[in-house]
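Quick notes on the structure that follows.
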Amino acid sequence: MADREERRFAEVSRESIKLMGESAGVDLSDDVAALLAEDVCYRLREATQNSSQFMRHAKRRKLTVEDFNRGLRWSKVEAICGYGAQDALPFRSVKEGELFFVEDRDINLVELALATNIPKGCAETMVRVNVSYLDGKGNLEPQGTVPTAVQSLSDDLLKYYQQITRAILGEDPHLMKVALLDLQSNSKIAALLPYFVYVISGVKSVSHDLEQLNRLLHMVKSLVQNPYLYLGSYVRSLVSSVMYCILEPLAASINPLNDHWTLRDYAALLLSHIFWTHGDLVSGLYHQILLSLQKVLSDPVRPLCSHYGAVVGLHALGWKAVERVLFPHLPAYWANLQAVLDDYSVSNAQVKADGHKVYGAILVAVERLLKMKALSLSQPAEGGSSTQLGSTVGAMGYRVSSPGLSPPPEPLSEAALGIASHLQAGGAGCPWEEWMPVPLPAMYSELYSFFGDSLAVRFSTGPEFGSYPPCTQPQPGDTRKEPNGPASNSDTTRKMPQLTANLNISPRQDGSPRTDPPPPSLAAAGSGRSLARSSSVQRSRSSSSRSSQRSAGVSRDVFPKARFTSPQAGLPAFSFLIGGQQMGRRCQGRRPFQTTFAPTAPPHAIPPRAYAHKLPVIGRVGKPVRRWTCSHYSLHLPL
Amino acid sequence: MAAVQGGSCDPEIKTDIKTEPLGDGFTNSNANDGRMLSTPPGSSAPAASNSKPAAGASEDQQTLLAVLQFLKRNKLTESVEILRREAGLPEDSLDPKGPDSSGAGCGGAAGSGDAEAADASSLLSRVTGPSPAGAQAPSKAAGGEDQPDVNVVLSAYSQQGDPALYDVYYSGLKKFIETVLDCHRAELSQVFYPLFVHMYLELVYNNHESEAKAFFEKFSGDQECYYEEDLRILSGLTKKEHMRGNETLLDFRTSKFVLRISRDSYQLLKRHLQERQNNQIWNIIQEHLYIDIFDGMPRSKSQIDAMSGSLAGEAKREANKAKVYYGLLKEPEIELPLDDEDEEAENEEGKPKKKKPKKDSMGSKSKKQDPNAPSQSRIPLPELKDSDKLDKIMYMKEATKRIRLGPDNLPSICFYTFLNVYQGLTAVDFTDDSSMIAGGFADSTVRVWSVTPKKLRKVKSAADLNLIDKESDDVLERIMDDKTASESKIMCGHSGPVYGVSFSPDRNYLLSSSEDSTVRLWSLLTFTCLVGYKGHNYPVWDTQFSPYGYYFVSGGHDRVARLWATDHYQPLRIFSGHLADVTYTRFHPNSNYVATGSSDRTIRLWDVLTGNCVRIFTGHKGPIHALAFSPNGKFLASGATDGRVLLWDIGHGLMVGELKGHTDSIYSLKFSRDGEILASGSMDNTVRLWDATKAFDDLETDDLTAATGHIHLQDNSQDLLLGTYMTKSTPVIHLHFTRRNLLLAAGAYNP
């Protein structure tokens with residue numbers, strides 16, 4: 001009997017009852033305890049049954065503590081306080097006494113009261129509406145199919161298309177933001193994809209207008225980020241549009257006041273994003289991109305801004321790309337660049353400034369190349385043991401560069417699309433076939449010969465490299481400088497103190513890399529500044545790149561406006577406007593009923609309602625989660 | 001329910017078995033209660049200690065006398081006086097009759113109808129009668145005179161058989177039933193469950209714990225799967241002490257389990273039991289079961305399964321015999337202005353409409369009086385105000401633009417998602433014109449949102465109101481305070497989760513019912529609470545306004561539904577009869593009837609005028625959480641936690657359809673405006689659309705079916721299912737068709 005009972009219900013044992021009695025100062029005999037235990041079990045079951053109706057009426061599936069307390073209260077039993085927490089309570093045991101209890105920690109109320117991080121209030125409860133099913137068949141247009149040109153668009157879609165393009169290319173920045181966000185989250189626009197791609201291919205016609213180019217690039221980004229769209233072969237077209245922005249000597253760049261550099265940076269970022277997320281859709285895309293970049297780089301006729309774009313693009317594609325294309329090509333290219341930089345004539349001022357840009361870009365790219373390469377070498381030897389910060393950075397680098405580690409062995413002769421189409425294999429740089437990985441020390445020494453100290457400073461302070469020189473491959477003898485680890489090299493001996501400093505710092509850095517100031521002695525040594533900066537390499541990517549840019553500026557003191565965003569982390573480097581989990585979950589697939597509302601009209605600028613009215617017919621009206629609180633548009637639908 | 005038992009009741013009920021003094025007491029006492037409570041509005045006597053709105057209808061002297069006696073015993077002399085005066089009884093009528101009535105035992109316990117509302121102890125009091133014979137004993141109203149004792153309640157179980165033999169008895173019967181002809185087997189198998197329960201309880205009551213457990217172990221597996229929930233409760237109950245206050249048990253004990261068995265099958269069973277001298281079982285059958293015997297073919301297993309599952313067996317056929325006026329009331333004739341003269345029409349609307357009897361208008365809705373409709377003044381309905389007429393005109397205009405739905409023309413669905421509610425949304429309602437949405441929340445608040453561009457505004461303060469020109473045409477506009485305009489308003493006042501909300505048809509009021517046992521009436525002009533209706537002593541699970549306003553109904557944990565009028569602080573009617581919580585309440589479109597769903601897995605239809613229960617529908621296997629009347633008033637759809645939708649023909653009192661498909665509790669049902677489509681929303685995060693036209697057209701309403709009440713349901717759910725629409729982890733807890741037949745659904749996003 002007892003077994004059956006135990007299987008069917010949770011049971012409070014006699015011992016527990018006795019223990020509880022003891023704690024209350026009552027000594028219970030076995031019989032009494034047994035009876036009590038049985039009764040307690042029964043009462044618990046009864047209370048649970050009573051409380052379940054409160055759950056049912058609250059239309060929930062989960063029985064809450066509150067439900068249970070309500071059940072108790074209506075049975076004229078005192079409610080149990082203190083168990084309202086959302087998270088599970090830890091249930092612990094004391095081995096000696098075979099005692100089990102719910103851990104009840106003391107809470108320091110003073111601390112709580114004086115805490116500075118006051119939790120924000122919960123988001124406001126609200127109602128949002130969207131049309132989920134139109135005429136009983138919502139969302140039925142198949143996603144991901146490529147619509148043919150003859151496919152007639154419904155009026156709604158057409159209107160949507162017009163509104164969106166008008167908003168994106170129009171004057172109103174708010175409207176543009178809304179349109180972009182919708183484009184990014186709308187699940188029903190597959191039919192419009194070719195049209196949008198066509199609009200984007202219009203980059204060639206607006207190369208004089210940075211603003212428009214920028215908007216089109218944003219449009220690309222939104223499309224790429226839309227989890228409901230299957231881009232398919234349109235990736236090629238999008239890539240070619242983006243490449244145009246990266247590489248072409250845009251009409252806008254004639255005016256030095258135009259900041260086309262930023263556009264190129266952004267486009268490069270976008271390129272890497274497309275590649276990492278959609279690169280598998282088109283075979284051979286990687287090679288085609290690399291080839292086009294290489295071709296531009298090796299073409300001395302092209303203006304420096306194109307070269308800059310090529311470098312940034314390579315950088316964005318990962319350190320492997322830099323190693324394969326930029327590094328072998330560097331000796332040839334260096335001469336040209338050097339010539340530009342050494343020409344101090346007034347007429348050359350502008351070109352020289354451009355040259356400095358390219359120089360900076362190359363510097364950033366090769367630095368990361370060195371760092372990642374060192375990491376990739378040390379990582380296997382290290383066996384993933386380290387708690388060092390380097391390993392986390394390394395892991396990041398690995399993840400990002402993993403597709404690049406094994407570029408698909410595509411034949412290069414295949415006709416490429418768009419800009420890549422006029423490519424031929426084997427430019428001035430190393431042809432693919434002959435490419436051989438260069439060992440790290442050789443690479444380092446070669447690069448050092450180009451960049452000198454501006455490179456070395458950065459390099460030697462990297463904790464990874466400094467920490468693992470013994471693990472790297474034995475140095476080949478034919479390199480010029482024989483950088484036998486920084487310690488053994490005469491050129492780098494003076495950097496020794498930095499290395500030790502880094503060794504001290506790095507273990508602590510994985511907690512909070514920002515907190516450690518460089519040792520004062522180093523600061524006094526003059527290189528303290530750059531050390532401090534380079535120690536922040538482990539900071540967030542953007543800051544690292546910015547700082548490296550700045551330290552490049554220390555040595556060269558030129559690039560005033562350069563704004564690099566390191567693509568070190570490819571995909572995550574984008575800051576999405578819709579963040580958080582809901583977005584992530586929505587990606588799982590087609591969800592007919594919209595329950596999270598993406599952003600729509602920013603409060604003031606546009607007459608929101610008019611806008612919101614037209615959109616729902618097609619799909620979601622988006623508005624990011626955190627902005628729900630300030631929604632001003634109504635729930636109205638034309639009923 | 002009050003158990004009014006005893007042979008003396010037999011004459012009243014035409015039981016088919018004349019020889020067996022089978023107890024009754026279910027419908028009968030129920031009817032008694034109903035009649036007793038059917039006081040005309042306003043005449044209910046003020047309640048004293050246990051708040052009994054006792055008043056009499058003269059038709060049942062016995063009941064009346066019993067009530068009087070009860071009141072007297074409780075020293076409610078004032079009430080006695082009032083009642084006597086109202087009923088026109090002579091002063092001395094009570095005394096000589098008193099003992100008689102208690103001896104006769106008729107309606108003795110009727111007075112406890114309201115006592116149900118009191119508390120667990122008065123629940124016990126419903127069953128009284130200390131005689132060991134139990135059932136045959138006259139039951140007296142034991143209201144509050146002495147604390148009811150579990151021994152009294154359970155006295156019927158005191159008969160002592162040899163506990164070891166229970167096993168033998170039961171398996172003997174089982175063996176017998178297994179060997180009878182197939183056609184009888186299904187019918188006789190119905191006996192198993194109630195028999196099993198009662199035998200088990202008897203064992204427990206007589207402290208044969210181990211035997212009881214063995215008995216349960218051995219035979220619980222044989223019971224129908226839809227009794228699983230009850231069996232689980234039962235299995236936890238192994239001690240006599242536990243039986244006190246256990247509601248499930250009380251339900252078993254106090255209500256007779258109703259079985260419908262054909263005469264042949266019944267004779268078979270009877271003969272067997274008598275031959276075997278199996279008195280133990282025979283006693284139980286006589287005392288605790290009500291066997292509704294019919295002539296004709298025995299029913300099949302599927303027929304039985306379709307109708308069983310409720311806490312107390314099937315409904316008796318008598319329970320569903322009363323005439324129900326399910327037709328619609330005639331719409332008042334209102335001139336329908338042409339579209340292009342909107343402005344004018346609305347202005348001239350005010351005055352000419354007062355001459356309502358003017359019949360010359362062509363009246364698009366001038367249909368003949370429905371023969372099945374109740375008379376227009378069967379229950380007094382509020383006069384139409386000018387604004388109501390305007391609204392009716394709007395309604396008609398909208399109706400002309402209504403989309404005709406059908407299998408090929410499904411409605412569009414708009415989903416209203418409640419965000420950031422943290423599992424706290426408990427109830428939703430839309431106004432009829434779909435201009436506002438209200439939500440009831442677990443944090444005791446009621447919130448109203450405007451779903452049109454028109455924001456919600458409060459009326460100006462009294463001081464400001466003095467300043468406005470009361471003669472101006474747009475006075476209604478002027479009284480509103482634009483400074484208060486907002487998209488939503490929060491109304492606080494309840495002290496427990498709000499489980500039901502309902503808009504008044506004129507959109508000026510909102511009702512909310514809460515765990516704090518009150519129903520509150522809110523003004524949507526000031527967004528403040530106007531009245532708190534106290535009457536339920538336990539959580540109020542649901543409330544709804546009458547389609548004509550003024551009246552509303554509420555139902556709660558105290559197992560009764562109450563009918564209220566907004567201007568009365570006490571209920572006008574108490575609908576008592578459910579064996580468990582009243583979970584859902586809905587008004588019939590003609591406002592003359594109220595349907596209630598309950599956790600006892602039955603649906604009852606109550607006559608608002610008389611307070612009688614006129615229909616009992618059994619067949620659900622779980623608590624009912626959704627009801628919907630078809631727009632023509634002929635049909636009722638019900639949804640329960642078992643995930644099934646059942647369709648009922650109100651006029652015939654028959655189940656006419658079963659819609660299977662949902663995989664979780666159904667929380668909302670709605671017919672489209674013309675009744676072609678039935679939409680159901682569920683915890684399984686889907687909205688399903690069903691072809692209601694087809695479901696009701698296919699009916700075989702031949703007289704035989706109507707007479708016997710045996711239904712043959714074909715399993716055509718798949719044919720009737722027109723569509724399944726997923727939400728994103730959002731349980732659908734409310735559905736609403738706009739006047740143009742757009743389907744609105746609402747629920748809280750549940751991440």
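Labels used: A, B, ... for chains in the order of the structure tokens, numbers from 1 for residues in each chain, and numbers from 1 for ligands as shown.
What chain B places within 6 Å of chain A, counting only C-alpha atoms, is B:Leu410, B:Pro411, B:Ser412, B:Ile413, B:Cys414, B:Phe415, B:Tyr416, B:Thr417, B:Phe418, B:Leu419, B:Asn420, B:Val421, B:Thr426, B:Val451, B:Thr452, B:Pro453, B:Thr727, B:Lys728.
Residues lying within 8 Å of Ile200 in chain A, counting only C-alpha atoms and ignoring same-chain neighbours fewer than 5 positions away, are Leu216, Leu217, Met219, Val220, Leu238 and Ser241 of chain A.
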Would you save the residues of that selection, restricted to C-alpha atoms, as a short mmCIF file (atom, residue, chain, number, x, y, z; two decimals), in the first residue's frame?
data_model
loop_
_atom_site.label_atom_id
_atom_site.label_comp_id
_atom_site.auth_asym_id
_atom_site.auth_seq_id
_atom_site.Cartn_x
_atom_site.Cartn_y
_atom_site.Cartn_z
CA LEU A 216 20.98 52.18 -49.89
CA LEU A 217 23.60 50.40 -47.86
CA MET A 219 18.64 49.03 -47.03
CA VAL A 220 20.99 46.20 -47.86
CA LEU A 238 23.75 42.80 -53.25
CA SER A 241 26.38 46.80 -55.02
#
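Shortest atom-to-atom contact with Ala373 in chain B among B:Asp664, B:Asp600, B:Asp388, B:Glu331: B:Glu331, counting only C-alpha atoms.
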Near-range 322-327 of chain B list (10 Å; only C-alpha atoms; drop same-chain fewer than 3 positions) as a ChimeraX atom specification: /B:318-319,330,369-375,588-593,605-607,612-615,631-635,649-653
Can you tell me, as a PyMOL selection string, which residues in range 602-727 of chain B count as helix (DSSP H, G or I) by DSSP? chain B and resi 692-697+703-708+717-720
In Å, with one decimal, what is the gap from CA of Leu210 in chain A to CA of Lys159 in chain A? 26.9 Å
Need to verify the contact set: Leu173 in chain B, 12 Å, only C-alpha atoms, exclusion of same-chain residues closer than 3 positions in sequence. Can you return it as an MDAnalysis selection string? chainID B and resid 166:170 176:180 185 188:189 191:192 195:196 268:282
Output the selection as an mmCIF file, in the first residue's frame - N, CA and C atoms for each residue.
data_model
loop_
_atom_site.group_PDB
_atom_site.id
_atom_site.type_symbol
_atom_site.label_atom_id
_atom_site.label_comp_id
_atom_site.auth_asym_id
_atom_site.auth_seq_id
_atom_site.Cartn_x
_atom_site.Cartn_y
_atom_site.Cartn_z
ATOM 1 N N TYR B 166 -16.819 -6.642 -0.416
ATOM 2 C CA TYR B 166 -17.043 -5.601 -1.425
ATOM 3 C C TYR B 166 -16.403 -5.984 -2.739
ATOM 4 N N ASP B 167 -15.211 -6.478 -2.564
ATOM 5 C CA ASP B 167 -14.470 -6.941 -3.716
ATOM 6 C C ASP B 167 -15.276 -7.975 -4.492
ATOM 7 N N VAL B 168 -15.804 -8.896 -3.724
ATOM 8 C CA VAL B 168 -16.555 -9.992 -4.348
ATOM 9 C C VAL B 168 -17.807 -9.459 -5.038
ATOM 10 N N TYR B 169 -18.486 -8.582 -4.329
ATOM 11 C CA TYR B 169 -19.709 -8.028 -4.909
ATOM 12 C C TYR B 169 -19.424 -7.351 -6.232
ATOM 13 N N TYR B 170 -18.410 -6.498 -6.160
ATOM 14 C CA TYR B 170 -18.132 -5.694 -7.354
ATOM 15 C C TYR B 170 -17.693 -6.576 -8.501
ATOM 16 N N PHE B 176 -20.897 -10.356 -14.301
ATOM 17 C CA PHE B 176 -22.229 -10.450 -14.889
ATOM 18 C C PHE B 176 -22.374 -9.523 -16.083
ATOM 19 N N ILE B 177 -21.937 -8.280 -15.891
ATOM 20 C CA ILE B 177 -22.131 -7.305 -16.969
ATOM 21 C C ILE B 177 -21.292 -7.669 -18.176
ATOM 22 N N GLU B 178 -20.162 -8.287 -17.913
ATOM 23 C CA GLU B 178 -19.326 -8.670 -19.046
ATOM 24 C C GLU B 178 -19.950 -9.798 -19.848
ATOM 25 N N THR B 179 -20.829 -10.541 -19.207
ATOM 26 C CA THR B 179 -21.392 -11.674 -19.932
ATOM 27 C C THR B 179 -22.732 -11.378 -20.579
ATOM 28 N N VAL B 180 -23.318 -10.237 -20.273
ATOM 29 C CA VAL B 180 -24.614 -9.969 -20.896
ATOM 30 C C VAL B 180 -24.433 -9.665 -22.367
ATOM 31 N N ARG B 185 -24.562 -4.372 -22.604
ATOM 32 C CA ARG B 185 -23.351 -4.220 -21.810
ATOM 33 C C ARG B 185 -22.952 -2.758 -21.641
ATOM 34 N N LEU B 188 -25.217 -1.087 -19.129
ATOM 35 C CA LEU B 188 -25.035 -1.496 -17.736
ATOM 36 C C LEU B 188 -23.671 -1.082 -17.209
ATOM 37 N N SER B 189 -22.728 -0.914 -18.122
ATOM 38 C CA SER B 189 -21.402 -0.506 -17.669
ATOM 39 C C SER B 189 -21.424 0.866 -17.028
ATOM 40 N N VAL B 191 -23.078 1.706 -14.723
ATOM 41 C CA VAL B 191 -23.252 1.554 -13.283
ATOM 42 C C VAL B 191 -21.902 1.507 -12.574
ATOM 43 N N PHE B 192 -20.904 1.063 -13.304
ATOM 44 C CA PHE B 192 -19.622 0.802 -12.650
ATOM 45 C C PHE B 192 -19.096 1.998 -11.883
ATOM 46 N N LEU B 195 -21.014 3.173 -8.767
ATOM 47 C CA LEU B 195 -20.973 2.081 -7.806
ATOM 48 C C LEU B 195 -19.600 1.990 -7.168
ATOM 49 N N PHE B 196 -18.639 2.088 -8.013
ATOM 50 C CA PHE B 196 -17.260 2.028 -7.542
ATOM 51 C C PHE B 196 -16.999 3.131 -6.523
ATOM 52 N N LEU B 268 -32.742 -6.554 -16.541
ATOM 53 C CA LEU B 268 -31.666 -7.535 -16.494
ATOM 54 C C LEU B 268 -30.837 -7.361 -15.228
ATOM 55 N N LEU B 269 -30.487 -6.140 -15.003
ATOM 56 C CA LEU B 269 -29.654 -5.835 -13.841
ATOM 57 C C LEU B 269 -30.401 -6.160 -12.556
ATOM 58 N N LYS B 270 -31.648 -5.761 -12.545
ATOM 59 C CA LYS B 270 -32.426 -5.948 -11.334
ATOM 60 C C LYS B 270 -32.560 -7.431 -11.007
ATOM 61 N N ARG B 271 -32.860 -8.163 -12.048
ATOM 62 C CA ARG B 271 -33.055 -9.591 -11.826
ATOM 63 C C ARG B 271 -31.779 -10.227 -11.296
ATOM 64 N N HIS B 272 -30.692 -9.822 -11.902
ATOM 65 C CA HIS B 272 -29.428 -10.386 -11.475
ATOM 66 C C HIS B 272 -29.171 -10.093 -10.006
ATOM 67 N N LEU B 273 -29.335 -8.857 -9.633
ATOM 68 C CA LEU B 273 -29.011 -8.476 -8.264
ATOM 69 C C LEU B 273 -29.946 -9.153 -7.271
ATOM 70 N N GLN B 274 -31.190 -9.306 -7.663
ATOM 71 C CA GLN B 274 -32.117 -9.938 -6.727
ATOM 72 C C GLN B 274 -31.852 -11.422 -6.596
ATOM 73 N N GLU B 275 -31.533 -12.031 -7.706
ATOM 74 C CA GLU B 275 -31.205 -13.455 -7.654
ATOM 75 C C GLU B 275 -30.029 -13.701 -6.737
ATOM 76 N N ARG B 276 -29.045 -12.869 -6.878
ATOM 77 C CA ARG B 276 -27.828 -13.070 -6.114
ATOM 78 C C ARG B 276 -27.942 -12.579 -4.680
ATOM 79 N N GLN B 277 -29.076 -12.008 -4.383
ATOM 80 C CA GLN B 277 -29.217 -11.435 -3.047
ATOM 81 C C GLN B 277 -28.120 -10.420 -2.777
ATOM 82 N N ASN B 278 -27.766 -9.734 -3.802
ATOM 83 C CA ASN B 278 -26.647 -8.794 -3.678
ATOM 84 C C ASN B 278 -27.160 -7.462 -3.128
ATOM 85 N N ASN B 279 -27.475 -7.506 -1.857
ATOM 86 C CA ASN B 279 -28.146 -6.352 -1.288
ATOM 87 C C ASN B 279 -27.251 -5.123 -1.189
ATOM 88 N N GLN B 280 -25.999 -5.382 -0.973
ATOM 89 C CA GLN B 280 -25.086 -4.249 -0.829
ATOM 90 C C GLN B 280 -25.180 -3.333 -2.049
ATOM 91 N N ILE B 281 -25.044 -3.952 -3.193
ATOM 92 C CA ILE B 281 -25.064 -3.163 -4.416
ATOM 93 C C ILE B 281 -26.460 -2.615 -4.672
ATOM 94 N N TRP B 282 -27.420 -3.456 -4.402
ATOM 95 C CA TRP B 282 -28.793 -3.018 -4.644
ATOM 96 C C TRP B 282 -29.126 -1.794 -3.805
#
Which residues are near Gly643 in chain B? Cut-off 10 Å, only C-alpha atoms, ignore same chain within fewer than 6 positions. Put them as a list in words. His620, Lys621, Gly622, Ile624, Leu659, Lys660, Gly661, His662, Thr663, Asp664, Ser665, Ile666, Tyr667, Ser682, Met683 and Asp684 of chain B
Could you tell me how far CA of Ser222 in chain A lies from CA of Ser729 in chain B, in Å and to one decimal? 25.8 Å
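Near Tyr422 in chain B, within 9 Å and counting only C-alpha atoms, sit Thr125 of chain A; Leu419, Leu425, Ala748, Tyr749, Asn750 and Pro751 of chain B, not including residues fewer than 3 positions from it in the same chain.
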Expected file contents, prior selection, all heavy atoms, as a CSV table (one decimal), in the first residue's frame:
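Output (part25.csv):
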chain,number,residue,atom,x,y,z
A,125,THR,N,2.1,47.7,-19.5
A,125,THR,CA,1.2,46.8,-20.1
A,125,THR,C,0.5,47.5,-21.3
A,125,THR,O,0.0,48.6,-21.1
A,125,THR,CB,0.1,46.3,-19.1
A,125,THR,OG1,0.8,45.7,-18.1
A,125,THR,CG2,-0.8,45.3,-19.8
B,419,LEU,N,0.8,43.0,-24.1
B,419,LEU,CA,2.2,42.8,-23.9
B,419,LEU,C,2.6,43.2,-22.5
B,419,LEU,O,1.9,44.1,-21.9
B,419,LEU,CB,3.0,43.7,-24.9
B,419,LEU,CG,2.8,43.3,-26.3
B,419,LEU,CD1,3.2,44.5,-27.3
B,419,LEU,CD2,3.5,42.1,-26.7
B,425,LEU,N,-2.9,38.5,-17.3
B,425,LEU,CA,-4.1,38.8,-18.0
B,425,LEU,C,-5.1,37.7,-17.7
B,425,LEU,O,-4.9,36.5,-18.0
B,425,LEU,CB,-3.9,39.0,-19.5
B,425,LEU,CG,-5.2,39.4,-20.3
B,425,LEU,CD1,-5.6,40.8,-20.0
B,425,LEU,CD2,-5.0,39.2,-21.7
B,748,ALA,N,-2.7,37.3,-24.2
B,748,ALA,CA,-1.5,37.9,-23.7
B,748,ALA,C,-0.3,37.1,-24.2
B,748,ALA,O,-0.3,35.9,-24.1
B,748,ALA,CB,-1.5,37.9,-22.1
B,749,TYR,N,0.7,37.8,-24.7
B,749,TYR,CA,1.9,37.2,-25.1
B,749,TYR,C,2.6,36.6,-23.9
B,749,TYR,O,2.8,37.2,-22.9
B,749,TYR,CB,2.8,38.2,-25.8
B,749,TYR,CG,4.2,37.6,-26.2
B,749,TYR,CD1,4.2,36.6,-27.1
B,749,TYR,CD2,5.4,38.1,-25.7
B,749,TYR,CE1,5.4,36.0,-27.5
B,749,TYR,CE2,6.6,37.6,-26.0
B,749,TYR,CZ,6.6,36.6,-26.9
B,749,TYR,OH,7.8,36.0,-27.3
B,750,ASN,N,3.0,35.3,-24.1
B,750,ASN,CA,3.4,34.5,-23.0
B,750,ASN,C,4.8,34.0,-23.3
B,750,ASN,O,4.9,32.9,-23.8
B,750,ASN,CB,2.4,33.4,-22.8
B,750,ASN,CG,2.6,32.7,-21.4
B,750,ASN,OD1,3.4,33.1,-20.6
B,750,ASN,ND2,1.7,31.8,-21.2
B,751,PRO,N,5.8,34.8,-23.1
B,751,PRO,CA,7.1,34.4,-23.6
B,751,PRO,C,7.7,33.1,-22.9
B,751,PRO,O,7.3,32.8,-21.8
B,751,PRO,CB,8.0,35.6,-23.3
B,751,PRO,CG,7.3,36.3,-22.2
B,751,PRO,CD,5.9,36.0,-22.3
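Among B:Ile479, B:Ile379, B:Ala214, B:Val608, the residue with the shortest atom-to-atom distance to Leu465 in chain B, counting only C-alpha atoms, is B:Ile479.
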May I ask for the distance between CA of Lys175 in chain B and CA of Thr254 in chain B, given in Å to one decimal place? 29.0 Å
